[in-house]
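Source file entry-v8.cif; content: mmCIF, N, CA, C and O atoms and all ligand atoms.
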```cif
data_final
loop_
_atom_site.label_atom_id
_atom_site.label_comp_id
_atom_site.auth_asym_id
_atom_site.auth_seq_id
_atom_site.Cartn_x
_atom_site.Cartn_y
_atom_site.Cartn_z
N MET A 1 1.31 22.21 11.42
CA MET A 1 2.25 21.26 10.82
C MET A 1 2.21 21.42 9.30
O MET A 1 1.16 21.29 8.69
N SER A 2 3.34 21.74 8.72
CA SER A 2 3.32 21.91 7.27
C SER A 2 4.01 20.73 6.60
O SER A 2 4.79 20.00 7.20
N PHE A 3 3.71 20.57 5.34
CA PHE A 3 4.31 19.52 4.53
C PHE A 3 5.84 19.62 4.60
O PHE A 3 6.54 18.64 4.77
N GLU A 4 6.31 20.86 4.51
CA GLU A 4 7.75 21.09 4.49
C GLU A 4 8.41 20.73 5.83
O GLU A 4 9.50 20.15 5.86
N ALA A 5 7.73 21.06 6.93
CA ALA A 5 8.27 20.73 8.25
C ALA A 5 8.36 19.21 8.43
O ALA A 5 9.32 18.70 9.01
N GLU A 6 7.39 18.50 7.91
CA GLU A 6 7.40 17.04 7.98
C GLU A 6 8.49 16.46 7.09
O GLU A 6 9.19 15.53 7.47
N LEU A 7 8.60 17.04 5.91
CA LEU A 7 9.59 16.56 4.95
C LEU A 7 11.00 16.75 5.51
O LEU A 7 11.87 15.90 5.34
N GLU A 8 11.18 17.84 6.20
CA GLU A 8 12.48 18.11 6.81
C GLU A 8 12.87 17.01 7.80
O GLU A 8 14.03 16.71 7.99
N LYS A 9 11.86 16.39 8.42
CA LYS A 9 12.12 15.29 9.35
C LYS A 9 12.19 13.93 8.64
O LYS A 9 12.31 12.90 9.27
N GLY A 10 12.07 13.98 7.31
CA GLY A 10 12.14 12.74 6.55
C GLY A 10 10.81 12.03 6.42
O GLY A 10 10.76 10.85 6.07
N GLU A 11 9.73 12.74 6.71
CA GLU A 11 8.40 12.14 6.63
C GLU A 11 7.66 12.65 5.40
O GLU A 11 7.53 13.85 5.21
N PHE A 12 7.17 11.71 4.62
CA PHE A 12 6.38 12.09 3.46
C PHE A 12 4.90 11.99 3.83
O PHE A 12 4.46 11.00 4.41
N SER A 13 4.16 13.02 3.51
CA SER A 13 2.73 13.01 3.79
C SER A 13 2.01 13.66 2.62
O SER A 13 2.61 14.38 1.83
N ILE A 14 0.73 13.40 2.52
CA ILE A 14 -0.05 13.98 1.43
C ILE A 14 -1.01 15.02 2.00
O ILE A 14 -1.81 14.71 2.87
N PRO A 15 -0.88 16.27 1.53
CA PRO A 15 -1.76 17.33 2.04
C PRO A 15 -3.16 17.22 1.43
O PRO A 15 -3.31 17.04 0.22
N GLU A 16 -4.13 17.32 2.28
CA GLU A 16 -5.52 17.18 1.86
C GLU A 16 -6.39 18.24 2.50
O GLU A 16 -6.18 18.60 3.66
N CYS A 17 -7.38 18.69 1.75
CA CYS A 17 -8.29 19.69 2.29
C CYS A 17 -9.26 19.01 3.25
O CYS A 17 -9.83 17.98 2.93
N ARG A 18 -9.46 19.60 4.43
CA ARG A 18 -10.37 19.01 5.40
C ARG A 18 -11.83 19.25 5.03
O ARG A 18 -12.70 18.53 5.48
N SER A 19 -12.08 20.28 4.21
CA SER A 19 -13.47 20.56 3.85
C SER A 19 -13.93 19.79 2.62
O SER A 19 -15.02 19.27 2.59
N CYS A 20 -13.11 19.76 1.57
CA CYS A 20 -13.60 19.12 0.35
C CYS A 20 -12.83 17.85 -0.02
O CYS A 20 -13.07 17.28 -1.09
N ASP A 21 -11.92 17.41 0.85
CA ASP A 21 -11.18 16.16 0.63
C ASP A 21 -10.30 16.12 -0.60
O ASP A 21 -9.93 15.06 -1.07
N MET A 22 -9.99 17.28 -1.14
CA MET A 22 -9.16 17.31 -2.33
C MET A 22 -7.68 17.21 -1.92
O MET A 22 -7.28 17.78 -0.91
N VAL A 23 -6.91 16.49 -2.72
CA VAL A 23 -5.47 16.45 -2.50
C VAL A 23 -4.89 17.78 -2.97
O VAL A 23 -5.21 18.25 -4.05
N ILE A 24 -4.08 18.39 -2.13
CA ILE A 24 -3.53 19.71 -2.45
C ILE A 24 -2.08 19.55 -2.90
O ILE A 24 -1.19 19.34 -2.08
N TRP A 25 -1.88 19.64 -4.17
CA TRP A 25 -0.53 19.47 -4.71
C TRP A 25 -0.32 20.45 -5.83
O TRP A 25 -1.16 20.48 -6.72
N PRO A 26 0.76 21.22 -5.84
CA PRO A 26 1.81 21.31 -4.82
C PRO A 26 1.27 21.72 -3.45
O PRO A 26 0.23 22.37 -3.37
N PRO A 27 1.99 21.31 -2.39
CA PRO A 27 1.52 21.56 -1.04
C PRO A 27 1.28 23.03 -0.76
O PRO A 27 2.02 23.90 -1.24
N SER A 28 0.25 23.29 -0.01
CA SER A 28 -0.09 24.66 0.34
C SER A 28 -0.79 24.62 1.69
O SER A 28 -1.26 23.57 2.12
N GLU A 29 -0.87 25.75 2.36
CA GLU A 29 -1.51 25.80 3.68
C GLU A 29 -3.03 25.77 3.55
O GLU A 29 -3.73 25.40 4.47
N PHE A 30 -3.52 26.24 2.40
CA PHE A 30 -4.96 26.32 2.20
C PHE A 30 -5.35 25.64 0.90
O PHE A 30 -4.57 25.59 -0.04
N CYS A 31 -6.57 25.16 0.87
CA CYS A 31 -7.10 24.50 -0.33
C CYS A 31 -7.21 25.52 -1.46
O CYS A 31 -7.70 26.63 -1.25
N ASN A 32 -6.77 25.13 -2.65
CA ASN A 32 -6.87 26.09 -3.76
C ASN A 32 -8.25 26.08 -4.42
O ASN A 32 -8.50 26.78 -5.36
N ARG A 33 -9.17 25.28 -3.89
CA ARG A 33 -10.53 25.29 -4.42
C ARG A 33 -11.48 26.01 -3.46
O ARG A 33 -12.25 26.86 -3.87
N CYS A 34 -11.42 25.64 -2.17
CA CYS A 34 -12.40 26.23 -1.24
C CYS A 34 -11.73 27.03 -0.13
O CYS A 34 -12.41 27.53 0.76
N PHE A 35 -10.40 27.16 -0.15
CA PHE A 35 -9.64 27.89 0.87
C PHE A 35 -9.78 27.27 2.26
O PHE A 35 -9.51 27.91 3.26
N GLY A 36 -10.22 26.04 2.31
CA GLY A 36 -10.33 25.32 3.60
C GLY A 36 -8.95 24.98 4.14
O GLY A 36 -7.96 25.04 3.42
N PRO A 37 -8.89 24.64 5.40
CA PRO A 37 -7.60 24.27 6.01
C PRO A 37 -7.13 22.90 5.50
O PRO A 37 -7.94 22.03 5.18
N VAL A 38 -5.82 22.76 5.40
CA VAL A 38 -5.24 21.56 4.86
C VAL A 38 -4.66 20.71 5.98
O VAL A 38 -4.03 21.24 6.90
N SER A 39 -4.90 19.43 5.95
CA SER A 39 -4.23 18.56 6.91
C SER A 39 -3.38 17.55 6.17
O SER A 39 -3.54 17.35 4.97
N LEU A 40 -2.47 16.92 6.90
CA LEU A 40 -1.53 16.01 6.26
C LEU A 40 -1.92 14.57 6.56
O LEU A 40 -2.20 14.22 7.70
N ARG A 41 -1.95 13.78 5.53
CA ARG A 41 -2.24 12.36 5.72
C ARG A 41 -0.94 11.59 5.59
O ARG A 41 -0.22 11.71 4.62
N ARG A 42 -0.66 10.81 6.60
CA ARG A 42 0.57 10.01 6.58
C ARG A 42 0.23 8.60 6.15
O ARG A 42 -0.91 8.18 6.21
N GLY A 43 1.26 7.90 5.76
CA GLY A 43 1.02 6.52 5.40
C GLY A 43 2.14 5.97 4.56
O GLY A 43 3.12 6.65 4.29
N GLU A 44 1.98 4.75 4.19
CA GLU A 44 2.92 4.08 3.30
C GLU A 44 2.33 4.24 1.91
O GLU A 44 1.46 3.47 1.52
N PHE A 45 2.75 5.25 1.21
CA PHE A 45 2.15 5.48 -0.09
C PHE A 45 2.88 4.71 -1.17
O PHE A 45 4.09 4.63 -1.17
N GLU A 46 2.09 4.18 -2.07
CA GLU A 46 2.67 3.48 -3.19
C GLU A 46 2.40 4.30 -4.44
O GLU A 46 1.29 4.78 -4.64
N GLY A 47 3.42 4.47 -5.24
CA GLY A 47 3.26 5.26 -6.45
C GLY A 47 3.57 4.44 -7.68
O GLY A 47 3.96 3.27 -7.60
N LYS A 48 3.40 5.08 -8.82
CA LYS A 48 3.60 4.41 -10.09
C LYS A 48 4.57 5.25 -10.93
O LYS A 48 4.42 6.47 -11.00
N VAL A 49 5.53 4.60 -11.55
CA VAL A 49 6.50 5.32 -12.38
C VAL A 49 5.83 5.73 -13.70
O VAL A 49 5.27 4.91 -14.41
N ILE A 50 5.90 7.02 -13.99
CA ILE A 50 5.29 7.57 -15.20
C ILE A 50 6.32 7.74 -16.31
O ILE A 50 6.06 7.48 -17.47
N GLU A 51 7.48 8.24 -15.91
CA GLU A 51 8.58 8.48 -16.86
C GLU A 51 9.87 8.32 -16.10
O GLU A 51 9.88 8.48 -14.89
N PHE A 52 10.94 8.08 -16.80
CA PHE A 52 12.23 8.12 -16.12
C PHE A 52 13.33 8.53 -17.08
O PHE A 52 13.18 8.48 -18.29
N SER A 53 14.44 8.96 -16.48
CA SER A 53 15.60 9.27 -17.29
C SER A 53 16.83 8.85 -16.51
O SER A 53 16.77 8.61 -15.31
N ARG A 54 17.92 8.79 -17.20
CA ARG A 54 19.14 8.35 -16.58
C ARG A 54 20.20 9.43 -16.70
O ARG A 54 20.35 10.04 -17.75
N GLN A 55 20.92 9.65 -15.61
CA GLN A 55 22.03 10.60 -15.63
C GLN A 55 23.21 9.91 -14.97
O GLN A 55 23.14 9.60 -13.79
N ASP A 56 24.23 9.65 -15.72
CA ASP A 56 25.35 8.82 -15.27
C ASP A 56 24.80 7.51 -14.75
O ASP A 56 24.11 6.83 -15.46
N ASN A 57 25.06 7.18 -13.47
CA ASN A 57 24.47 5.92 -13.01
C ASN A 57 23.30 6.14 -12.05
O ASN A 57 22.95 5.29 -11.27
N LEU A 58 22.70 7.33 -12.16
CA LEU A 58 21.53 7.63 -11.34
C LEU A 58 20.29 7.66 -12.22
O LEU A 58 20.32 8.18 -13.32
N TYR A 59 19.22 7.14 -11.69
CA TYR A 59 17.96 7.21 -12.40
C TYR A 59 17.06 8.21 -11.71
O TYR A 59 17.01 8.27 -10.48
N PHE A 60 16.36 8.97 -12.51
CA PHE A 60 15.36 9.89 -11.98
C PHE A 60 14.02 9.46 -12.55
O PHE A 60 13.93 9.22 -13.75
N CYS A 61 13.03 9.38 -11.72
CA CYS A 61 11.74 9.04 -12.29
C CYS A 61 10.64 9.94 -11.76
O CYS A 61 10.72 10.47 -10.65
N LEU A 62 9.67 10.11 -12.63
CA LEU A 62 8.49 10.85 -12.26
C LEU A 62 7.50 9.82 -11.73
O LEU A 62 7.13 8.88 -12.43
N VAL A 63 7.12 10.01 -10.47
CA VAL A 63 6.26 9.03 -9.81
C VAL A 63 4.94 9.68 -9.46
O VAL A 63 4.90 10.81 -8.97
N GLU A 64 3.89 8.97 -9.73
CA GLU A 64 2.56 9.48 -9.43
C GLU A 64 2.00 8.74 -8.22
O GLU A 64 1.94 7.53 -8.19
N PHE A 65 1.59 9.54 -7.22
CA PHE A 65 0.94 9.00 -6.03
C PHE A 65 -0.48 9.52 -6.00
O PHE A 65 -0.71 10.72 -6.24
N GLU A 66 -1.42 8.66 -5.70
CA GLU A 66 -2.82 9.09 -5.50
C GLU A 66 -3.36 9.95 -6.65
O GLU A 66 -4.14 10.87 -6.42
N LYS A 67 -2.95 9.67 -7.84
CA LYS A 67 -3.41 10.36 -9.06
C LYS A 67 -3.02 11.83 -9.21
O LYS A 67 -2.85 12.31 -10.31
N ASP A 68 -2.91 12.57 -8.12
CA ASP A 68 -2.68 14.01 -8.24
C ASP A 68 -1.27 14.44 -7.88
O ASP A 68 -0.88 15.55 -8.18
N VAL A 69 -0.57 13.58 -7.18
CA VAL A 69 0.72 13.98 -6.66
C VAL A 69 1.81 13.41 -7.55
O VAL A 69 1.98 12.19 -7.66
N ARG A 70 2.53 14.29 -8.22
CA ARG A 70 3.63 13.85 -9.08
C ARG A 70 4.94 14.37 -8.54
O ARG A 70 5.09 15.56 -8.31
N ILE A 71 5.85 13.46 -8.36
CA ILE A 71 7.11 13.77 -7.71
C ILE A 71 8.26 13.26 -8.54
O ILE A 71 8.20 12.15 -9.08
N LEU A 72 9.31 14.05 -8.63
CA LEU A 72 10.52 13.62 -9.30
C LEU A 72 11.41 12.97 -8.23
O LEU A 72 11.79 13.62 -7.27
N ALA A 73 11.68 11.71 -8.40
CA ALA A 73 12.42 10.98 -7.37
C ALA A 73 13.61 10.25 -7.97
O ALA A 73 13.62 9.90 -9.14
N ARG A 74 14.57 10.02 -7.11
CA ARG A 74 15.72 9.23 -7.51
C ARG A 74 15.46 7.77 -7.21
O ARG A 74 14.73 7.45 -6.28
N THR A 75 16.12 6.94 -7.95
CA THR A 75 16.07 5.53 -7.61
C THR A 75 17.37 4.89 -8.04
O THR A 75 18.02 5.35 -8.96
N SER A 76 17.78 3.85 -7.33
CA SER A 76 19.06 3.23 -7.67
C SER A 76 18.87 2.06 -8.62
O SER A 76 19.76 1.68 -9.35
N GLU A 77 17.65 1.49 -8.60
CA GLU A 77 17.40 0.38 -9.51
C GLU A 77 16.88 0.92 -10.83
O GLU A 77 16.27 1.98 -10.87
N SER A 78 17.07 0.15 -11.87
CA SER A 78 16.58 0.62 -13.16
C SER A 78 15.04 0.57 -13.18
O SER A 78 14.44 -0.47 -12.93
N PRO A 79 14.42 1.71 -13.40
CA PRO A 79 12.96 1.77 -13.31
C PRO A 79 12.27 1.26 -14.58
O PRO A 79 12.90 1.12 -15.62
N GLU A 80 11.01 1.00 -14.45
CA GLU A 80 10.19 0.61 -15.60
C GLU A 80 8.92 1.44 -15.53
O GLU A 80 8.41 1.66 -14.43
N ILE A 81 8.41 1.82 -16.67
CA ILE A 81 7.17 2.59 -16.68
C ILE A 81 6.03 1.71 -16.17
O ILE A 81 5.92 0.55 -16.55
N GLY A 82 5.26 2.27 -15.26
CA GLY A 82 4.14 1.53 -14.70
C GLY A 82 4.49 0.73 -13.45
O GLY A 82 3.61 0.20 -12.79
N LYS A 83 5.78 0.67 -13.12
CA LYS A 83 6.22 -0.08 -11.95
C LYS A 83 5.73 0.59 -10.66
O LYS A 83 5.73 1.80 -10.54
N ARG A 84 5.35 -0.23 -9.70
CA ARG A 84 4.91 0.26 -8.39
C ARG A 84 6.13 0.48 -7.51
O ARG A 84 6.99 -0.40 -7.40
N VAL A 85 6.20 1.64 -6.91
CA VAL A 85 7.34 1.95 -6.06
C VAL A 85 6.86 2.57 -4.75
O VAL A 85 5.74 3.07 -4.68
N LYS A 86 7.73 2.52 -3.76
CA LYS A 86 7.42 3.15 -2.48
C LYS A 86 8.46 4.20 -2.16
O LYS A 86 9.62 4.07 -2.55
N MET A 87 8.05 5.20 -1.42
CA MET A 87 8.96 6.23 -0.98
C MET A 87 9.92 5.59 0.01
O MET A 87 9.49 5.02 1.01
N SER A 88 11.21 5.63 -0.28
CA SER A 88 12.12 5.01 0.68
C SER A 88 12.87 6.06 1.50
O SER A 88 13.21 5.81 2.65
N ARG A 89 13.11 7.22 0.92
CA ARG A 89 13.75 8.30 1.68
C ARG A 89 13.24 9.61 1.13
O ARG A 89 12.99 9.74 -0.06
N CYS A 90 13.15 10.60 1.99
CA CYS A 90 12.82 11.93 1.50
C CYS A 90 13.30 12.94 2.51
O CYS A 90 13.63 12.58 3.65
N GLY A 91 13.39 14.16 2.09
CA GLY A 91 13.84 15.19 3.00
C GLY A 91 14.13 16.47 2.25
O GLY A 91 13.72 16.64 1.11
N ILE A 92 14.82 17.37 2.95
CA ILE A 92 15.22 18.62 2.33
C ILE A 92 16.73 18.71 2.45
O ILE A 92 17.26 18.53 3.55
N SER A 93 17.37 18.93 1.32
CA SER A 93 18.81 19.01 1.33
C SER A 93 19.23 20.26 0.58
O SER A 93 18.80 20.47 -0.55
N ASN A 94 20.04 21.09 1.21
CA ASN A 94 20.46 22.37 0.64
C ASN A 94 19.28 23.19 0.12
O ASN A 94 19.34 23.76 -0.97
N GLY A 95 18.20 23.19 0.86
CA GLY A 95 17.05 24.00 0.48
C GLY A 95 16.14 23.40 -0.56
O GLY A 95 15.13 24.00 -0.91
N SER A 96 16.49 22.23 -1.09
CA SER A 96 15.54 21.67 -2.06
C SER A 96 15.06 20.29 -1.62
O SER A 96 15.74 19.58 -0.89
N TYR A 97 13.88 19.96 -2.07
CA TYR A 97 13.27 18.69 -1.70
C TYR A 97 14.00 17.56 -2.40
O TYR A 97 14.40 17.70 -3.54
N PHE A 98 14.16 16.45 -1.73
CA PHE A 98 14.61 15.26 -2.45
C PHE A 98 13.76 14.07 -2.05
O PHE A 98 13.26 13.98 -0.94
N PHE A 99 13.58 13.20 -3.01
CA PHE A 99 12.78 12.01 -2.81
C PHE A 99 13.51 10.84 -3.42
O PHE A 99 14.13 10.98 -4.46
N GLN A 100 13.42 9.73 -2.75
CA GLN A 100 14.00 8.51 -3.30
C GLN A 100 12.97 7.39 -3.19
O GLN A 100 12.32 7.24 -2.15
N VAL A 101 12.84 6.64 -4.26
CA VAL A 101 11.88 5.53 -4.24
C VAL A 101 12.59 4.22 -4.51
O VAL A 101 13.68 4.19 -5.04
N SER A 102 11.95 3.15 -4.11
CA SER A 102 12.50 1.83 -4.44
C SER A 102 11.36 0.85 -4.63
O SER A 102 10.24 1.12 -4.26
ZN ZN B 1 -11.15 22.38 -0.22
#
```
structure tokens encoding of this file:
Amino acid sequence: MSFEAELEKGEFSIPECRSCDMVIWPPSEFCNRCFGPVSLRRGEFEGKVIEFSRQDNLYFCLVEFEKDVRILARTSESPEIGKRVKMSRCGISNGSYFFQVS
């Protein structure tokens, strides 16, 4: 099961090394520290807005999950730095990842 296969189904998960418990980001099949196998942790992850920008009436924000995972996500509400957000939608569209938080 890969991060990408899960994302394609609309599921967000965090890849973690089974040997050293390190979060593997960007996602990879093997740990970049010990080459151990990576497993996916599912859950309701809460992130924090680090930065944001506005393009027309869309907001894009950089969201940090679990300290190591930084994702560029869309949001419809006006974001604030430090605000807690949850992944509301994610997937792969036209070959690229998309994430939406609220
Ligand atoms: Zn490892």
> Using only C-alpha atoms and all ligand atoms, which of A:Tyr59, A:Phe35, A:Phe52, A:Trp25 sits nearest ligand ZN 1 (chain B)?
Replying inline: A:Phe35
> Using only N, CA, C and O atoms and all ligand atoms, which protein or nucleic acid residues are at most 5 Å from ligand ZN 1 (chain B), as JSON, numbers by chain?
Replying inline: {"A": [17, 19, 20, 31, 33, 34, 35, 36]}
> Nearest to Val23 of chain A: which of A:Phe60, A:Glu66, A:Glu4, A:Gly10 is it, counting only C-alpha atoms?
Replying inline: A:Glu66
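Using only C-alpha atoms for every distance, the candidate list A:Glu11, A:Pro27, A:Glu51, A:Val101 yields A:Glu51 as the residue closest to Gly82 of chain A.
Distances here use only N, CA, C and O atoms; by that measure, the residue among A:Ile71, A:Ile24, A:Cys90, A:Val63 closest to Val49 of chain A is A:Val63.
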